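What follows is a short report on a single structure.
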Amino acid sequence: MTIADPSDRVVEIRDLDVTFATDGGDVFAVRDVSLEVRRGEVLAIVGESGSGKTVTARSILGLLPETATASGAVILDGVDVVSMGREQLRQVRGTKAAMIFQEPSTALNPVFTVGWQLAEGLRAHQKISKKAARARAIEMLRLVGIPDPEHRVGHYPHQFSGGQKQRIVIAMALALEPAVILADEPTTALDVTVQAEILELLRRLRDDFGTAIVLITHNMGVVADLADRVAVMLNGEIVESAPARELFTAPQHEYTQRLLAAVPRLEIVDRTPPAGVSGEAVVQAEGLIIEYPGRLGTPAFRAVDGVNFRIGPGEVLGLVGESGSGKTTIGRAIAGLAPVSGGSLRVLGAEMNGIKEREFRKLRKDLGFVFQDPATSFNPLLTVAECVAEPLVVHGSARRASDARDKVDELLEAVQLPKAFGDRFPHELSGGQRQRASLARALALDPKLLIADEPTSALDVSVQARVLDLFGELQERFGFATLFITHDLAVVDLLAHRVVVLHRGRIAEEGPTAQVLGDPQDDYTKRLIASLPVPDPVEQAARRAAAREG
Amino acid sequence: MAERTLLDRLPVVHQLRQSVGLQRGMLVAGLIMTLVFLLCAALAPWIAPYSYSQLRGADGVNFGAQQPPSADHLLGTTVGGFDVFSRVVWGSQTALLVVVIAVLLSVFIGILLGLVSGYLGGWVDRVLVVIADAIYAFPTLLLAIVVAIAISGGQSDLWSGVMAAAVSITVVFIPQYFRVVRAEVVRVKSEAFVESAKVIGASTGRIMFRHVLRNATRTLPLVVTLNASEAISTLAALGFLGFGIEPTKAAEWGFDLNRSISDVAAGIWWTSIPPGLAIVFTVLGVTLIGESLNDLADPRLRARRRAAKSRTPADAVAATVPTAREELGEVQ
């Protein structure tokens, strides 16, 4: 990093205020924010949802909704964006600054070839022949590491994998050689191993082309991996801004300290399995096969292929894998939501292969399920108390939701929610509160088995930490067996007694948590653990160097 | 979200407050026309100077046929010697009765079938969809005529006439409700809260009625208003074609129009224009309400105040990137 030379600043934000006009009066989204990004530097803006990090980044491109009013100055490569008209903004977008979105599959238009879409960006800003545009598109695809670009340039977005789509989006952003790239959660929708590749690509852009990158993320591991400087935002204000290494080693602001403390890390603790774990298994899978019927003419898709595992009473089993590994399918099969195609799956003593819903319904009171997205797993028209009371009513321990109110209050207390929340509607709760209410509902009948499908992946880090703490505490208190499905190894490390790593429907590795995470034997597990960015820049750099040599 | 008062949450009142500009004008005009229609129906005995089947005044003297408008008969008399104004007013009662019965019948049957078909799926669903499609393909008026004949058998007093009209309209409308509800049920069925009810062990009936049904009926008020206007025009058409209600049993606009055909050529305007206008105003009023509700319910069609509104900054940002919020953290 060169020392403050004014011409080196690609973006300079001075006293930026962004206000939104709403029904309830004006709302400040961003207050008094000052930032600068230098050439060849990665600035990470970190904060929880609603902290204003996305609004700040979008103001650099003038991409704010009509209800927003911005004041202050955003100087992008020598020109002030805030005071610009529509046409001027259009010219700046793409040439001076470009944006990479979170979800690559929606950022690409499905009805045009990627070559066409790349050329579109070029043609919008310069006169260029079709042939030259195509040649340039091929060049860009090669640059971002798409194999066989001459051939692939004519393909449509659905013919690429998620990681490749994100590479194409990056290629589109790069096409006009902008001075700065804004990356809004560029890897959140991707698997860890793919995330590592995309981060590597972004790092190469910075090193080889001197492109400045503004990285918006909530993942501290990604920050540690890529960022040179970090700005921490809270409620629309920057509370701390420091070089990455400094921030991670000596956070100054109390919020930053809290944020860093909440980030789960691989600590590899050996957890002794609970007594009685060798008793009759709660879940026992032997050669389990689950297939989804194919469309006319296509063979069935085998999501789970010959899997064996066992969950003992009171045991927490972590089921880890990337998207498409079949982990969610296994959870759904145990809950009776997906049919078993072959092999044997015994849940609470009942054979699930060929079971009728009517027979299984009796067993459901011993089974709790926590869904991934707390926003959709509650009936929006019922109050929280009614939702939590639903299992009690269904299994006959209460005639009406109002009769079960005492028990509901007790449950809400157990998950640390105030009793009064029972009278609210689900949308009036925050994500973390909803997920705790969801936990209360799952525990209403004191189940023997709890299935948690990515229960914290939709939550902010600090909220996630609280929910996981609560979860561990309740598990110890009530002693239910748990199948914890997640993609996040650090979360598994916090809770599980044993871990099963799934890869494309098969078990890659299985064993006690400390053994699998601390001394992985399987290649895939090793890669998974190596891809997980550590929230510590120094250690992450060392790991990266080691990975490059190895 | 800010607390809304009970008044604000009432369906039409809420939309009225939400609307601006031309859309508000349309909605208000529709509301006024419909209100006049409802008042006429409710207060017919007091508004109308004579009964719908009255042929002579209190003094025992016949009104006389085709009398021009006068102080005694505001809009003259028909070829059959009835008072036109009275029959137009009484006609609103018949129309309202038919609309209410037709919409109630078709809503309940349509919702029930749509719910069962959408939630259970399988062969029940396939059979019901085919039947609904077949009814769609049939000319609606022809179907209505067939049903009207089957029910009333040519005899048409007030109730059998009203029921014939209402049931024939019902048969035509059920597929519409069925389709709307079924589509919604299929969407809601895959939501996580339905799965969570399944995991809890709730019975199929409980899931259908407690969790799915109430979440699947949001668009129905729109269909109801649009259908109500269609019901009025279908009733008028049936009456015009002679499958309506006899003049001595009830007043019916379509029937009166039919009887006034010959008058038009003779320069007698007062027998045809009033019932015709009554039909136009009622259909227009209800249609305006339906169309405005439809537009207001769709955020893409809804006109907004200049300082458009959005709830939170996050919502506003999400509005510009359709996926931003949903995708946040949805990592598999």
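Chains: A, B, ... in order of the structure tokens. Residues: from 1 per chain. Ligands: from 1, in order shown.
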Open item on the list: Based on only C-alpha atoms, which of the residues in chain A come within 7 Å of chain B? I want them as an MDAnalysis selection string.
Closed with: chainID A and resid 20:23 29 50 65 67 188:190 322:323 335 361 364:365 369 376:379 391 394 457:458 487
- [ ] Name all residues at most 12 Å from Arg434 in chain A (count only C-alpha atoms; drop same-chain ones fewer than 5 positions away) and give them as an MDAnalysis selection string.
- [x] chainID A and resid 370:380 383:385 387:388 412 415:417 421:422 424:429 439:441 455:456 458:459 463 467
Just the selected residues (C-alpha atoms), exported as a PDB file, in the first residue's frame, please.
```pdb
ATOM      1  CA  VAL A 370     -36.313 -26.636  13.149  1.00  0.00           C
ATOM      2  CA  PHE A 371     -36.369 -25.233   9.623  1.00  0.00           C
ATOM      3  CA  GLN A 372     -33.728 -23.175   7.896  1.00  0.00           C
ATOM      4  CA  ASP A 373     -35.728 -20.065   7.232  1.00  0.00           C
ATOM      5  CA  PRO A 374     -37.574 -18.848  10.317  1.00  0.00           C
ATOM      6  CA  ALA A 375     -39.453 -16.325   8.169  1.00  0.00           C
ATOM      7  CA  THR A 376     -41.451 -18.947   6.293  1.00  0.00           C
ATOM      8  CA  SER A 377     -41.769 -21.738   8.823  1.00  0.00           C
ATOM      9  CA  PHE A 378     -44.552 -20.014  10.768  1.00  0.00           C
ATOM     10  CA  ASN A 379     -48.112 -19.628   9.567  1.00  0.00           C
ATOM     11  CA  PRO A 380     -48.236 -15.845   9.064  1.00  0.00           C
ATOM     12  CA  THR A 383     -49.815 -15.628  16.666  1.00  0.00           C
ATOM     13  CA  VAL A 384     -46.549 -16.992  17.964  1.00  0.00           C
ATOM     14  CA  ALA A 385     -48.334 -18.559  20.937  1.00  0.00           C
ATOM     15  CA  CYS A 387     -47.917 -21.589  16.471  1.00  0.00           C
ATOM     16  CA  VAL A 388     -46.002 -22.903  19.471  1.00  0.00           C
ATOM     17  CA  LEU A 412     -40.968 -19.224  25.453  1.00  0.00           C
ATOM     18  CA  VAL A 415     -35.866 -20.148  24.758  1.00  0.00           C
ATOM     19  CA  GLN A 416     -35.395 -16.758  26.427  1.00  0.00           C
ATOM     20  CA  LEU A 417     -38.273 -14.935  24.798  1.00  0.00           C
ATOM     21  CA  PHE A 421     -44.101 -12.194  22.459  1.00  0.00           C
ATOM     22  CA  GLY A 422     -46.689 -14.960  22.372  1.00  0.00           C
ATOM     23  CA  ARG A 424     -47.307 -11.093  18.446  1.00  0.00           C
ATOM     24  CA  PHE A 425     -47.408 -12.294  14.891  1.00  0.00           C
ATOM     25  CA  PRO A 426     -44.359 -14.019  13.412  1.00  0.00           C
ATOM     26  CA  HIS A 427     -43.492 -11.090  11.125  1.00  0.00           C
ATOM     27  CA  GLU A 428     -43.250  -8.826  14.153  1.00  0.00           C
ATOM     28  CA  LEU A 429     -40.271 -10.771  15.464  1.00  0.00           C
ATOM     29  CA  LEU A 439     -37.060 -24.046  18.724  1.00  0.00           C
ATOM     30  CA  ALA A 440     -39.769 -23.635  21.358  1.00  0.00           C
ATOM     31  CA  ARG A 441     -42.296 -25.197  19.004  1.00  0.00           C
ATOM     32  CA  PRO A 455     -31.111 -23.407  11.671  1.00  0.00           C
ATOM     33  CA  THR A 456     -28.664 -20.510  11.839  1.00  0.00           C
ATOM     34  CA  ALA A 458     -30.186 -17.178   7.722  1.00  0.00           C
ATOM     35  CA  LEU A 459     -29.076 -15.264  10.811  1.00  0.00           C
ATOM     36  CA  VAL A 463     -27.554 -13.691  16.552  1.00  0.00           C
ATOM     37  CA  VAL A 467     -29.106 -19.202  19.113  1.00  0.00           C
TER      38      VAL A 467
END
```
Open item on the list: According to DSSP computed on the backbone, where in range 38-271 of chain A is there helix (DSSP H, G or I)? Give the residues as a PyMOL selection string.
Closed with: chain A and resi 53-60+86-92+104-107+114-125+130-143+149-152+157-159+162-174+192-209+220-226+244-249+254-262
Name all residues at most 7 Å from Ser292 in chain B (count only C-alpha atoms; drop same-chain ones fewer than 5 positions away) and give them as a CSV table (one decimal) with C-alpha atoms, in the first residue's frame.
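Everything below was put into result08.csv:
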```csv
chain,number,residue,atom,x,y,z
B,23,GLN,CA,-57.3,5.0,-9.4
B,26,MET,CA,-62.3,5.1,-10.2
B,27,LEU,CA,-62.7,3.4,-6.9
```
Open item on the list: At a cut-off of 8 Å, using only C-alpha atoms, what residues contact Pro535 in chain A? Leave out same-chain residues fewer than 6 positions from it and give the result as an MDAnalysis selection string.
Closed with: chainID A and resid 220:225 248 263 265
Any chance you could export the current selection's N, CA and C atoms as a PDB file, in the first residue's frame?
```pdb
ATOM      1  N   MET A 220     -16.721 -12.951   8.601  1.00  0.00           N
ATOM      2  CA  MET A 220     -15.423 -12.435   9.026  1.00  0.00           C
ATOM      3  C   MET A 220     -14.278 -13.261   8.445  1.00  0.00           C
ATOM      4  N   GLY A 221     -14.553 -14.519   8.134  1.00  0.00           N
ATOM      5  CA  GLY A 221     -13.522 -15.340   7.515  1.00  0.00           C
ATOM      6  C   GLY A 221     -13.156 -14.801   6.141  1.00  0.00           C
ATOM      7  N   VAL A 222     -14.146 -14.386   5.372  1.00  0.00           N
ATOM      8  CA  VAL A 222     -13.907 -13.813   4.043  1.00  0.00           C
ATOM      9  C   VAL A 222     -13.123 -12.513   4.181  1.00  0.00           C
ATOM     10  N   VAL A 223     -13.483 -11.730   5.187  1.00  0.00           N
ATOM     11  CA  VAL A 223     -12.787 -10.464   5.431  1.00  0.00           C
ATOM     12  C   VAL A 223     -11.316 -10.738   5.712  1.00  0.00           C
ATOM     13  N   ALA A 224     -11.069 -11.693   6.587  1.00  0.00           N
ATOM     14  CA  ALA A 224      -9.685 -12.003   6.958  1.00  0.00           C
ATOM     15  C   ALA A 224      -8.908 -12.490   5.748  1.00  0.00           C
ATOM     16  N   ASP A 225      -9.587 -13.183   4.866  1.00  0.00           N
ATOM     17  CA  ASP A 225      -8.916 -13.763   3.723  1.00  0.00           C
ATOM     18  C   ASP A 225      -8.519 -12.714   2.691  1.00  0.00           C
ATOM     19  N   PHE A 248      -8.276  -7.226  13.537  1.00  0.00           N
ATOM     20  CA  PHE A 248      -8.483  -8.561  14.084  1.00  0.00           C
ATOM     21  C   PHE A 248      -7.686  -8.788  15.362  1.00  0.00           C
ATOM     22  N   VAL A 263     -17.943 -14.795  16.185  1.00  0.00           N
ATOM     23  CA  VAL A 263     -17.632 -15.606  15.005  1.00  0.00           C
ATOM     24  C   VAL A 263     -17.215 -17.002  15.452  1.00  0.00           C
ATOM     25  N   ARG A 265     -15.300 -20.329  15.522  1.00  0.00           N
ATOM     26  CA  ARG A 265     -14.012 -20.783  14.981  1.00  0.00           C
ATOM     27  C   ARG A 265     -13.876 -22.266  15.210  1.00  0.00           C
TER      28      ARG A 265
END
```
Open item on the list: When you look at Val92 in chain A with a cut-off of 10 Å (counting only C-alpha atoms), what residues show up, excluding the ones that are within fewer than 3 positions of it in the same chain? I need them as a list of chain:residue names.
Closed with: A:Leu61, A:Gly62, A:Leu76, A:Asp77, A:Val79, A:Val81, A:Met84, A:Glu87, A:Gln88, A:Leu89, A:Thr95, A:Lys96, A:Ala97, A:Ala98, A:His125, A:Pro178
- [ ] Please provide the set of residues having any atom within 12 Å of Ala541 in chain A, restricted to only C-alpha atoms, with same-chain residues fewer than 2 positions apart removed, written as a ChimeraX atom specification.
- [x] /A:200,203,221-228,244-245,533-539,543-548
TODO: Extract, using only C-alpha atoms, all DNA, RNA and protein residues at most 9 Å from Gly276 in chain B, discarding same-chain residues fewer than 6 positions from it, and format them as a ChimeraX atom specification.
DONE: /B:253-254,256-257
Expected file: the selected residues, C-alpha atoms, as an mmCIF file, in the first residue's frame:
```
data_model
loop_
_atom_site.group_PDB
_atom_site.id
_atom_site.type_symbol
_atom_site.label_atom_id
_atom_site.label_comp_id
_atom_site.auth_asym_id
_atom_site.auth_seq_id
_atom_site.Cartn_x
_atom_site.Cartn_y
_atom_site.Cartn_z
ATOM 1 C CA TRP B 253 -84.457 -5.377 -15.830
ATOM 2 C CA GLY B 254 -83.680 -7.816 -18.621
ATOM 3 C CA ASP B 256 -88.422 -5.154 -19.163
ATOM 4 C CA LEU B 257 -85.843 -4.479 -21.836
#
```
